[in-house]
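Colleague: What follows is the file start-v6.csv, containing CSV, C-alpha atoms:
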chain,number,residue,atom,x,y,z
A,31,MET,CA,-50.1,-69.4,-80.5
A,32,ASN,CA,-49.9,-72.7,-82.3
A,33,GLN,CA,-46.6,-73.3,-80.5
A,34,THR,CA,-48.3,-72.8,-77.2
A,35,THR,CA,-51.0,-75.2,-78.1
A,36,LEU,CA,-48.5,-77.8,-79.2
A,37,THR,CA,-46.6,-77.4,-76.0
A,38,GLN,CA,-49.7,-77.9,-74.0
A,39,GLN,CA,-50.7,-81.0,-76.0
A,40,GLU,CA,-47.2,-82.4,-75.6
A,41,SER,CA,-47.3,-82.0,-71.9
A,42,SER,CA,-50.8,-83.4,-71.8
A,43,ILE,CA,-49.6,-86.4,-73.8
A,44,ASP,CA,-46.6,-86.8,-71.4
A,45,GLU,CA,-48.9,-86.6,-68.4
A,46,GLN,CA,-51.2,-89.2,-69.9
A,47,ALA,CA,-48.2,-91.5,-70.6
A,48,VAL,CA,-47.1,-91.2,-67.0
A,49,ALA,CA,-50.6,-91.8,-65.7
A,50,GLN,CA,-50.9,-94.8,-68.0
A,51,ALA,CA,-47.6,-96.2,-66.8
A,52,GLU,CA,-48.6,-95.7,-63.2
A,53,LEU,CA,-51.9,-97.4,-63.8
A,54,ASN,CA,-50.2,-100.4,-65.5
A,55,ALA,CA,-47.8,-100.7,-62.6
A,56,PHE,CA,-50.7,-100.6,-60.1
A,57,LEU,CA,-52.6,-103.3,-62.1
A,58,ALA,CA,-49.5,-105.5,-62.3
A,59,THR,CA,-49.0,-105.3,-58.6
A,60,GLN,CA,-52.7,-106.1,-58.0
A,61,ALA,CA,-52.5,-109.1,-60.4
A,62,GLU,CA,-49.5,-110.5,-58.4
A,63,THR,CA,-51.3,-110.0,-55.2
A,64,VAL,CA,-54.5,-111.7,-56.3
A,65,ALA,CA,-53.0,-114.4,-58.5
A,66,PRO,CA,-52.0,-117.6,-56.7
A,67,THR,CA,-48.2,-117.8,-56.5
A,68,LYS,CA,-48.1,-121.5,-55.5
A,69,ASP,CA,-50.2,-124.4,-56.5
A,70,PRO,CA,-52.1,-125.4,-53.3
A,71,LEU,CA,-52.4,-129.1,-54.4
A,72,THR,CA,-49.5,-131.4,-53.9
A,73,HIS,CA,-48.9,-134.4,-56.2
A,74,ARG,CA,-50.1,-136.6,-53.4
A,75,ASP,CA,-53.3,-134.6,-53.1
A,76,ARG,CA,-53.8,-135.0,-56.9
A,77,GLN,CA,-53.2,-138.7,-56.6
A,78,ILE,CA,-55.9,-139.0,-53.9
A,79,ILE,CA,-58.4,-136.9,-55.8
A,80,ALA,CA,-57.8,-138.8,-59.0
A,81,THR,CA,-58.3,-142.1,-57.2
A,82,ILE,CA,-61.6,-140.8,-55.8
A,83,VAL,CA,-62.7,-139.6,-59.2
A,84,ASN,CA,-61.8,-143.0,-60.8
A,85,GLN,CA,-63.8,-144.8,-58.1
A,86,SER,CA,-66.9,-142.7,-58.9
A,87,ASP,CA,-69.2,-142.7,-61.9
A,88,TYR,CA,-67.2,-140.0,-63.6
A,89,PRO,CA,-67.1,-140.9,-67.3
A,90,HIS,CA,-63.4,-140.3,-67.9
A,91,GLU,CA,-60.3,-141.9,-66.5
A,92,CYS,CA,-58.5,-139.3,-64.3
A,93,GLN,CA,-54.8,-139.1,-63.9
A,94,PRO,CA,-53.2,-137.0,-61.1
A,95,ASP,CA,-52.0,-134.4,-63.7
A,96,ASP,CA,-55.6,-134.1,-65.0
A,97,VAL,CA,-56.7,-132.4,-61.7
A,98,ILE,CA,-56.7,-128.6,-61.9
A,99,THR,CA,-58.3,-127.5,-58.7
A,100,ILE,CA,-60.9,-128.4,-56.0
A,101,TRP,CA,-63.3,-126.3,-54.0
A,102,ILE,CA,-66.3,-126.6,-51.7
A,103,ASN,CA,-69.3,-124.5,-52.2
A,104,SER,CA,-71.9,-123.3,-49.7
A,105,ASP,CA,-74.1,-126.4,-50.2
A,106,ASP,CA,-71.2,-128.6,-48.9
A,107,ILE,CA,-70.6,-129.9,-52.4
A,108,VAL,CA,-67.0,-130.7,-53.4
A,109,TRP,CA,-66.2,-129.7,-57.0
A,110,VAL,CA,-63.2,-131.1,-58.7
A,111,GLU,CA,-62.1,-129.3,-61.9
A,112,MET,CA,-60.2,-131.5,-64.3
A,113,ILE,CA,-58.9,-131.0,-67.8
A,114,HIS,CA,-61.9,-132.9,-69.2
A,115,GLY,CA,-64.6,-131.6,-67.0
A,116,TYR,CA,-66.0,-131.2,-63.5
A,117,GLY,CA,-66.8,-133.8,-60.8
A,118,ARG,CA,-69.4,-133.1,-58.1
A,119,TYR,CA,-69.3,-135.0,-54.8
A,120,ASN,CA,-70.9,-134.8,-51.4
A,121,LYS,CA,-68.5,-133.3,-48.9
A,122,GLU,CA,-68.9,-135.9,-46.2
A,123,ALA,CA,-68.6,-138.8,-48.7
A,124,PHE,CA,-65.5,-137.2,-50.2
A,125,LYS,CA,-64.0,-136.6,-46.8
A,126,SER,CA,-64.4,-140.3,-45.9
A,127,ALA,CA,-63.0,-141.4,-49.3
A,128,VAL,CA,-59.9,-139.2,-48.7
A,129,ALA,CA,-59.4,-140.7,-45.2
A,130,GLU,CA,-59.7,-144.3,-46.7
A,131,ILE,CA,-57.3,-143.6,-49.5
A,132,LYS,CA,-54.7,-142.0,-47.2
A,133,VAL,CA,-54.8,-145.1,-45.1
A,134,SER,CA,-54.3,-147.4,-48.1
A,135,PHE,CA,-51.4,-145.2,-49.4
A,136,SER,CA,-49.7,-145.4,-46.0
A,137,THR,CA,-50.1,-149.2,-45.8
A,138,LEU,CA,-48.4,-149.4,-49.2
A,139,LEU,CA,-45.4,-147.5,-47.9
A,140,SER,CA,-45.3,-149.3,-44.6
A,141,PRO,CA,-43.6,-152.6,-45.8
A,142,ASN,CA,-40.8,-150.7,-47.5
A,143,GLN,CA,-40.3,-148.6,-44.4
A,144,GLN,CA,-40.3,-151.8,-42.2
A,145,SER,CA,-37.7,-153.4,-44.6
A,146,ASP,CA,-35.5,-150.3,-44.2
A,147,VAL,CA,-35.6,-150.6,-40.4
A,148,GLU,CA,-34.9,-154.3,-40.5
A,149,LEU,CA,-32.0,-153.8,-42.9
A,150,GLU,CA,-30.5,-151.1,-40.6
A,151,GLN,CA,-30.8,-153.4,-37.6
A,152,ALA,CA,-29.1,-156.3,-39.5
A,153,CYS,CA,-26.3,-154.0,-40.5
A,154,ILE,CA,-25.7,-152.9,-36.9
A,155,GLN,CA,-25.5,-156.6,-35.8
A,156,VAL,CA,-22.7,-157.3,-38.3
A,157,ASN,CA,-20.9,-154.0,-37.7
A,158,LEU,CA,-21.7,-152.5,-41.1
A,159,SER,CA,-22.4,-148.9,-41.7
A,160,VAL,CA,-25.6,-148.4,-43.8
A,161,ASP,CA,-24.0,-145.4,-45.5
A,162,SER,CA,-21.0,-147.5,-46.7
A,163,ILE,CA,-23.1,-150.1,-48.6
A,164,ASP,CA,-23.2,-150.0,-52.4
A,165,TRP,CA,-27.0,-150.5,-52.7
A,166,LEU,CA,-26.9,-151.1,-56.5
A,167,SER,CA,-24.8,-154.2,-56.1
A,168,PHE,CA,-26.0,-155.3,-52.7
A,169,SER,CA,-28.6,-158.0,-52.5
A,170,ALA,CA,-29.8,-159.6,-49.3
A,171,ASN,CA,-32.8,-161.2,-47.7
A,172,VAL,CA,-33.6,-159.9,-44.3
A,173,TYR,CA,-35.3,-162.4,-42.0
A,174,PRO,CA,-36.8,-161.4,-38.6
A,175,ASN,CA,-34.7,-162.5,-35.7
Reformat the file's structure so that it appears as structure tokens.

Modeller:
Amino acid sequence: MNQTTLTQQESSIDEQAVAQAELNAFLATQAETVAPTKDPLTHRDRQIIATIVNQSDYPHECQPDDVITIWINSDDIVWVEMIHGYGRYNKEAFKSAVAEIKVSFSTLLSPNQQSDVELEQACIQVNLSVDSIDWLSFSANVYPN
């Protein structure tokens, strides 16, 4: 009889191990489904958010890498989580600040993009291929017209 009891206990232990393995696999699948697989904030987003935080009365200097996440609650309050704390902003004011900063970022890029266009036009006029220029050793001033 002891052998029968041991056999039943062994099968019971095996069934528990199988059930535990199934549960672990199910939990791992659920964790992958629920956990974010990709960071929703781009580096540019983080730059914009850090700029807004630095323009506010937040007591710490905020770098783009300090921004962890951002969310809006039901009271239209924007919360920014950073490595050194939380910032709280009015949704409409934050939205306006984002729009202003995006414009300032695009105007910073605009002169470089304009120079590229002018340089390409100058190359066409003298029959140079832009791809064939050694940009490390090439130096030129491009004048309109």

Colleague: Excluding Asn103 of chain A and its own-chain neighbours fewer than 2 positions away, which residues fall within 12 Å of it when counting only C-alpha atoms? Please give them as a CSV table (one decimal) with C-alpha atoms, in the coordinates of the input.

Modeller:
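Result file is part.csv:
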chain,number,residue,atom,x,y,z
A,100,ILE,CA,-60.9,-128.4,-56.0
A,101,TRP,CA,-63.3,-126.3,-54.0
A,105,ASP,CA,-74.1,-126.4,-50.2
A,106,ASP,CA,-71.2,-128.6,-48.9
A,107,ILE,CA,-70.6,-129.9,-52.4
A,108,VAL,CA,-67.0,-130.7,-53.4
A,109,TRP,CA,-66.2,-129.7,-57.0
A,110,VAL,CA,-63.2,-131.1,-58.7
A,118,ARG,CA,-69.4,-133.1,-58.1
A,119,TYR,CA,-69.3,-135.0,-54.8
A,120,ASN,CA,-70.9,-134.8,-51.4
A,121,LYS,CA,-68.5,-133.3,-48.9

Colleague: Considering only C-alpha atoms, return as JSON, numbers by chain whatever protein or nucleic-acid residues lie within 9 Å of Gln93 of chain A, sequence-local ones (same chain, fewer than 4 positions apart) excluded.

Modeller: {"A": [76, 77, 80, 81, 84, 97]}

Colleague: Okay, now the selection with C-alpha atoms, as a PDB file, in the coordinates of the input?

Modeller:
ATOM      1  CA  ARG A  76     -53.800-135.000 -56.900  1.00  0.00           C
ATOM      2  CA  GLN A  77     -53.200-138.700 -56.600  1.00  0.00           C
ATOM      3  CA  ALA A  80     -57.800-138.800 -59.000  1.00  0.00           C
ATOM      4  CA  THR A  81     -58.300-142.100 -57.200  1.00  0.00           C
ATOM      5  CA  ASN A  84     -61.800-143.000 -60.800  1.00  0.00           C
ATOM      6  CA  VAL A  97     -56.700-132.400 -61.700  1.00  0.00           C
TER       7      VAL A  97
END

Colleague: State, in Å with one decimal place, the distance from atom CA of Ile78 of chain A to atom CA of His90 of chain A.

Modeller: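 These two atoms are separated by 15.9 Å.
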
Colleague: Figure out the distance between atom CA of Val128 of chain A and atom CA of Ile102 of chain A, please, to one decimal in Å.

Modeller: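 Atom CA of Val128 of chain A lies at a distance of 14.4 Å from atom CA of Ile102 of chain A.
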
Colleague: When you draw a straight line from atom CA of Gly115 of chain A to atom CA of Val133 of chain A, how long is it in Å?

Modeller: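 Distance between the two atoms: 27.5 Å.
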
Colleague: Rank A:Tyr88, A:Glu150, A:Val83, A:Glu52 by their smallest atom-to-atom distance to Ala127 of chain A, using only C-alpha atoms, and report the top residue only.

Modeller: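 The shortest atom-to-atom distance to Ala127 of chain A comes from A:Val83.
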
Colleague: With all atoms listed in the file as the basis for distance, which of A:Leu158, A:Ile43, A:Ile131, A:Met112 is at the shortest distance from Ile82 of chain A?

Modeller: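 Among the listed residues, A:Ile131 lies closest to Ile82 of chain A.
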